[in-house]
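The block underneath contains the structure these notes are about, expressed in structure tokens.
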Amino acid sequence: MTFEYAPAPESRAIVSIAPSYGLFINGEFVDPTSGTTFKTVNPATEEVLAEISEANQSDVNAAVNSARRAYDRVWSVMSGRDRAKYLFRIARLLQERAREFAVLETLDNGKPIRESRDIDVPLAAAHFFYHAGWADKLDYAGLGPNPQALGVAGQIIPWNFPLLMLAWKIAPALACGNTVVLKPAESTSLTALLFAEICQQADLPPGVVNIITGAGDTGRMIVEHDGIDKIAFTGSTEVGKSIARALAGTSRKLTLELGGKAANIVFDDAPIDQAVEGIVDGIFFNQGHVCCAGSRLLLQESIAEETIDALKRRLQTLRLGDPLDKNTDIGAINSREQLNKIDELIKSGDDEGAQRWTAPCEIPDKGWWCAPTIFTNVTQAHRIAREEIFGPVLSVLTFRTPDEAIEKANNTPFGLSAGIWTEKGSRILMMANELRAGVIWANTFNRFDPASPFGGFKESGFGREGGIQGLSGYLQSGTDSDDQAKGMS
Amino acid sequence: MRTIAEPLTTTSALREFLHGLPGVDEVGIKARATALGTRSIKNDSKSWAIDMAIRMVDLTTLEGMDTPGKVRAMCAKALRPDPTDPTAPSVAAVCVYGDMAPVARAAVGDNLHVAAVATAFPSGRASLAVKLQDVRDAVAGGADEIDMVIDRGAFLAGNYGLVHEQIVAVKAACGLAHLKVILETGELRTLDNVRRASWLAMMAGADFIKTSTGKVPVAATPAVTIVMLQAVRDYYELTQTRIGVKPAGGIRTSKDAIKYLVLVKETAGEAWLTPDLFRFGASTLLNDLLMQRQRMAVGHYSGPDYVTID
């Protein structure tokens, strides 16, 4: 017998999923006035998990009114220290119920339990802890004395990190004294709805957090609602642009965190074994459903062959399958639509002459899956080098000199993140200065911390989330109108 | 791909080669070790891993107070680790000081390997003549595996030629005995040094590379073991020769041992999952493996009084 890992599935008994969910408005779950629902599905099995309500205009109005009332009467007049108390409470409850959140996230999203357990949920709790610490110290955030909240924030989040993106949005908004109306993505609403229970458990005043579910139409109603003072959106560049157009000329503030096509640049003096790990973390983490994924690998030509061989060897040890199995590295693709999009771009890679290599994985019969894929012989002109694939597909390009690496890395409409691999410290600093990306990792990739601001250049969006810089997105300051005017440059 | 062009024996040629190896990023490798540490090994895989780990143990006693009686008792345990269960496998070898090799050989016969530490273990601070005599004595006394220490002083001073020369000489003195080269990674300190010392030892003729003597505060760690496993994997790709790896010291629980097997599987590959290519240098680990083995068989934990203490 060889050393095969026996199945080690995390039990789903810890979480109870209701057959259907209402909308969380004013501290209570209410039925949608629309009466319409849609299904949320486990992408690994195609099993229907629950019926989710679709909010219509009057539901959105109710949520905004509830948030406004809570802002006027309770949250804006509460001391920072008291707001912090609630945030600390939420953070601790997230930790206490971490396993429940991890299992639910994995069921609804398809990501491996290893990631939801070790990354998504702990980081979500960390964001609440971090921002709880800011709530009574906003005077020292560098925005002048006694900075004021904006009011009601409308927040729209994507399906790739459902709970974590919720935390990125809600924690700073609440810490700064805003109330929120949040809409999770339609395919991953469950952890947001479980978070609503946490708000109840924490005795958060009703209306401070409102969670309404629905698809793009509901999102549009939030964006266009004039009772909302601030829109924060994470998602595709296409939708981000339409939101920017909708808000142009209004006084509503906006932050956008959009797509990316990050370059992960490996120099010939890099620690190759760790660079290979970083390439894997960069593009195969969360099945590549990461806006800051290192989807373009730029290899110095002198080590290209060696590194690709090492990468292929490493990819053969990746374990694709049941996301609830604690030994799974690659989970399911979140939706059929996303899988189709990935397949279409893979096909374009084949058609345009790039060389495809796919890791040998057994693909389960049910559910939506994509084996880790590498394209070599990719040029800047190929679609797979320019468009965001948002899947486990890596495009490999080569370069000869640092200048060429910078040129190729920056030659994209996006600018969210980049990675540099070299043992030479001075080169890291030089590259970091030249790369036009909001987040730059050196000798690592896809590391996140609530104290570190995250956000993009160019078509990857504007505004920052996390850190002291992230607070300004939820506070009034002298530079408010500047931000708005800048738009997407 | 990198090649070994000409015979690398001089300090300058070795230096050029060893310093041309890719660096090791300490943060990255620790993150990798932590990630592999979360692999969950259950049921059949766990039973298999526990038996494999027992078969990989070099049961060790390296104390100033060692006596023939103590060594004989340990040998009995090595041959039959669990007297209540005949299906429990024997360990790979017993590991003793050179002067105890005849006692150990008499006790285990041809049933187990006898490993002897030599070359002025653990510090290695003696003349080459003394080191070689130490090796010859142990081999003459019945040891078929020699665990030598490298001259860390010479290595840290950059005198790679001297380290190389000594390993080559010890290898010659070993005759047919297998040579394990102890790098004493706790004294090399950096993972770059561990990688260089691994290559140096392999190129000089080591059959195994081993982390530690167990006599300095920091012994085997997952990160160090990964670096050494990467080195043997890369050396194999270059030469088609498989060199073994032996982490020693500090591995005390079954859980730890299983984590190391995961490192082996996912770094060097399945081919290294054999006692011929991977060993644990340990004394207390064996009893924990036996307790876990009993628990897997009967469904509940027994207790320290149900495994023998020899």
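By order in the structure tokens, chains are A, B, ...; within a chain, residues start at 1; ligands start at 1, following the order shown.
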
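Within 8 Å of chain A, and counting only C-alpha atoms, chain B contributes B:Met1, B:Pro22, B:Gly23, B:Val24, B:Asp25, B:Gly28, B:Ile29, B:Arg32, B:Thr38, B:Arg39, B:Ser40, B:Ile41, B:Lys42, B:Asn43, B:Asp44, B:Ser45, B:Trp48, B:Ala49, B:Lys265, B:Glu266, B:Glu270.
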
Task: Which of stretch 51-238 of chain B fall in helix (DSSP H, G or I), as an NGL selection string - done: :B and (51-55 or 68-79 or 98-108 or 128-140 or 152-156 or 160-174 or 185-188 or 191-204 or 222-238)

Open item on the list: Excluding B:Gly214 and its own-chain neighbours fewer than 4 positions away, which residues fall within 8 Å of it when counting only C-alpha atoms? Please give them as a list in words.
Closed with: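 These residues fall inside the cut-off: Ala219, Ala248, Gly249 and Gly250 of chain B.
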
With C-alpha atoms retained, export the selected residues as a compact mmCIF listing (two decimals), in the first residue's frame.
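Contents of result_10.txt, freshly written:
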```
# COMPACT_ATOMS: atom_id res chain seq x y z
CA ALA B 219 17.34 19.47 16.71
CA ALA B 248 16.83 13.14 14.72
CA GLY B 249 16.01 14.66 18.07
CA GLY B 250 12.82 16.32 19.23
```

Task: Among the residues B:Asp288, B:Asp137, B:Asp276, B:Asp99, the one that comes closest to B:Asp66 [using only C-alpha atoms] - done: B:Asp99

TODO: Do a neighbour search on A:Gln338 at 9 Å with only C-alpha atoms, toss out local chain neighbours closer than 5 positions, and write the hits as a ChimeraX atom specification.
DONE: /A:333,343,390-391

Task: Among listed residues A:Leu94, A:Trp369, A:Ser58, A:Gly151, nearest A:Gln476 (using only C-alpha atoms) - done: A:Gly151

- [ ] Going by DSSP on the backbone, which bits of stretch 230-379 of chain A are strand (DSSP E or B)? Write them as a ChimeraX atom specification, please.
- [x] /A:230-234,253-257,263-266,296-300,320,325,330,355-358,373-376

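Coordinates place atom CA of A:Val266 at a distance of 9.0 Å from atom CA of A:Ala304.
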
- [ ] Could you jot down the atom CA of A:Leu194 to atom CA of A:Phe38 separation for me, Å, one decimal place?
- [x]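 Pair atom CA of A:Leu194 / atom CA of A:Phe38 returns 17.5 Å.
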
Task: Long-range neighbours of A:Ile25 as a PyMOL selection string, 7 Å cut-off, only C-alpha atoms, 6 positions minimum in chain - done: chain A and resi 63+66+207+210-211

Task: Who sits within 12 Å of A:Ile389, only C-alpha atoms, same chain under 2 positions skipped, as a PyMOL selection string - done: chain A and resi 236+259-262+283+287-296+338-349+373+383-387+391-395

With C-alpha atoms retained, export the selected residues as a JSON list (two decimals), in the first residue's frame.
```
[["chain", "number", "residue", "atom", "x", "y", "z"],
["A", 236, "SER", "CA", -16.04, 42.91, -11.63],
["A", 259, "GLY", "CA", -10.60, 43.00, -11.14],
["A", 260, "GLY", "CA", -6.93, 42.29, -11.56],
["A", 261, "LYS", "CA", -4.37, 40.54, -13.68],
["A", 262, "ALA", "CA", -1.43, 40.49, -11.36],
["A", 283, "ILE", "CA", -3.11, 31.44, -8.60],
["A", 287, "GLN", "CA", -9.49, 28.05, -7.21],
["A", 288, "GLY", "CA", -8.07, 31.29, -8.57],
["A", 289, "HIS", "CA", -11.23, 33.17, -7.61],
["A", 290, "VAL", "CA", -9.16, 35.99, -6.20],
["A", 291, "CYS", "CA", -9.13, 39.50, -7.64],
["A", 292, "CYS", "CA", -5.48, 39.90, -6.66],
["A", 293, "ALA", "CA", -4.49, 36.42, -7.96],
["A", 294, "GLY", "CA", -1.03, 36.16, -9.49],
["A", 295, "SER", "CA", -2.48, 35.07, -12.81],
["A", 296, "ARG", "CA", 0.45, 36.17, -14.98],
["A", 338, "GLN", "CA", -18.09, 30.94, -13.88],
["A", 339, "LEU", "CA", -16.94, 27.52, -15.08],
["A", 340, "ASN", "CA", -18.22, 28.32, -18.57],
["A", 341, "LYS", "CA", -16.33, 31.59, -18.52],
["A", 342, "ILE", "CA", -13.12, 29.84, -17.46],
["A", 343, "ASP", "CA", -13.55, 27.14, -20.10],
["A", 344, "GLU", "CA", -14.14, 29.75, -22.76],
["A", 345, "LEU", "CA", -10.89, 31.53, -21.88],
["A", 346, "ILE", "CA", -8.98, 28.23, -21.73],
["A", 347, "LYS", "CA", -10.24, 27.52, -25.22],
["A", 348, "SER", "CA", -9.08, 30.93, -26.39],
["A", 349, "GLY", "CA", -5.62, 30.08, -25.03],
["A", 373, "THR", "CA", -3.98, 24.61, -15.68],
["A", 383, "ARG", "CA", -6.47, 37.03, -24.26],
["A", 384, "ILE", "CA", -5.33, 34.80, -21.39],
["A", 385, "ALA", "CA", -2.58, 37.35, -20.67],
["A", 386, "ARG", "CA", -4.92, 40.35, -20.74],
["A", 387, "GLU", "CA", -8.32, 39.29, -19.42],
["A", 391, "GLY", "CA", -10.10, 30.58, -12.24],
["A", 392, "PRO", "CA", -7.19, 28.17, -11.64],
["A", 393, "VAL", "CA", -5.44, 29.08, -14.87],
["A", 394, "LEU", "CA", -1.91, 30.47, -14.97],
["A", 395, "SER", "CA", -0.37, 32.24, -17.96]]
```

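With distances restricted to only C-alpha atoms, A:Ile406 is the closest residue to A:Ala432 from A:Pro413, A:Thr234, A:Lys39, A:Ile406.
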
TODO: Would you kindly return, as a ChimeraX atom specification, each protein, DNA or RNA residue with an atom no farther than 10 Å from any atom of A:Gly467, considering only C-alpha atoms and excluding same-chain residues fewer than 5 positions away?
DONE: /A:127,130-131,134,141,172,449-454,472

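Using only C-alpha atoms, the nearest neighbour of A:Ala98 within the list A:Ile17, A:Leu123, A:Ala409, A:Ile231 is A:Leu123.
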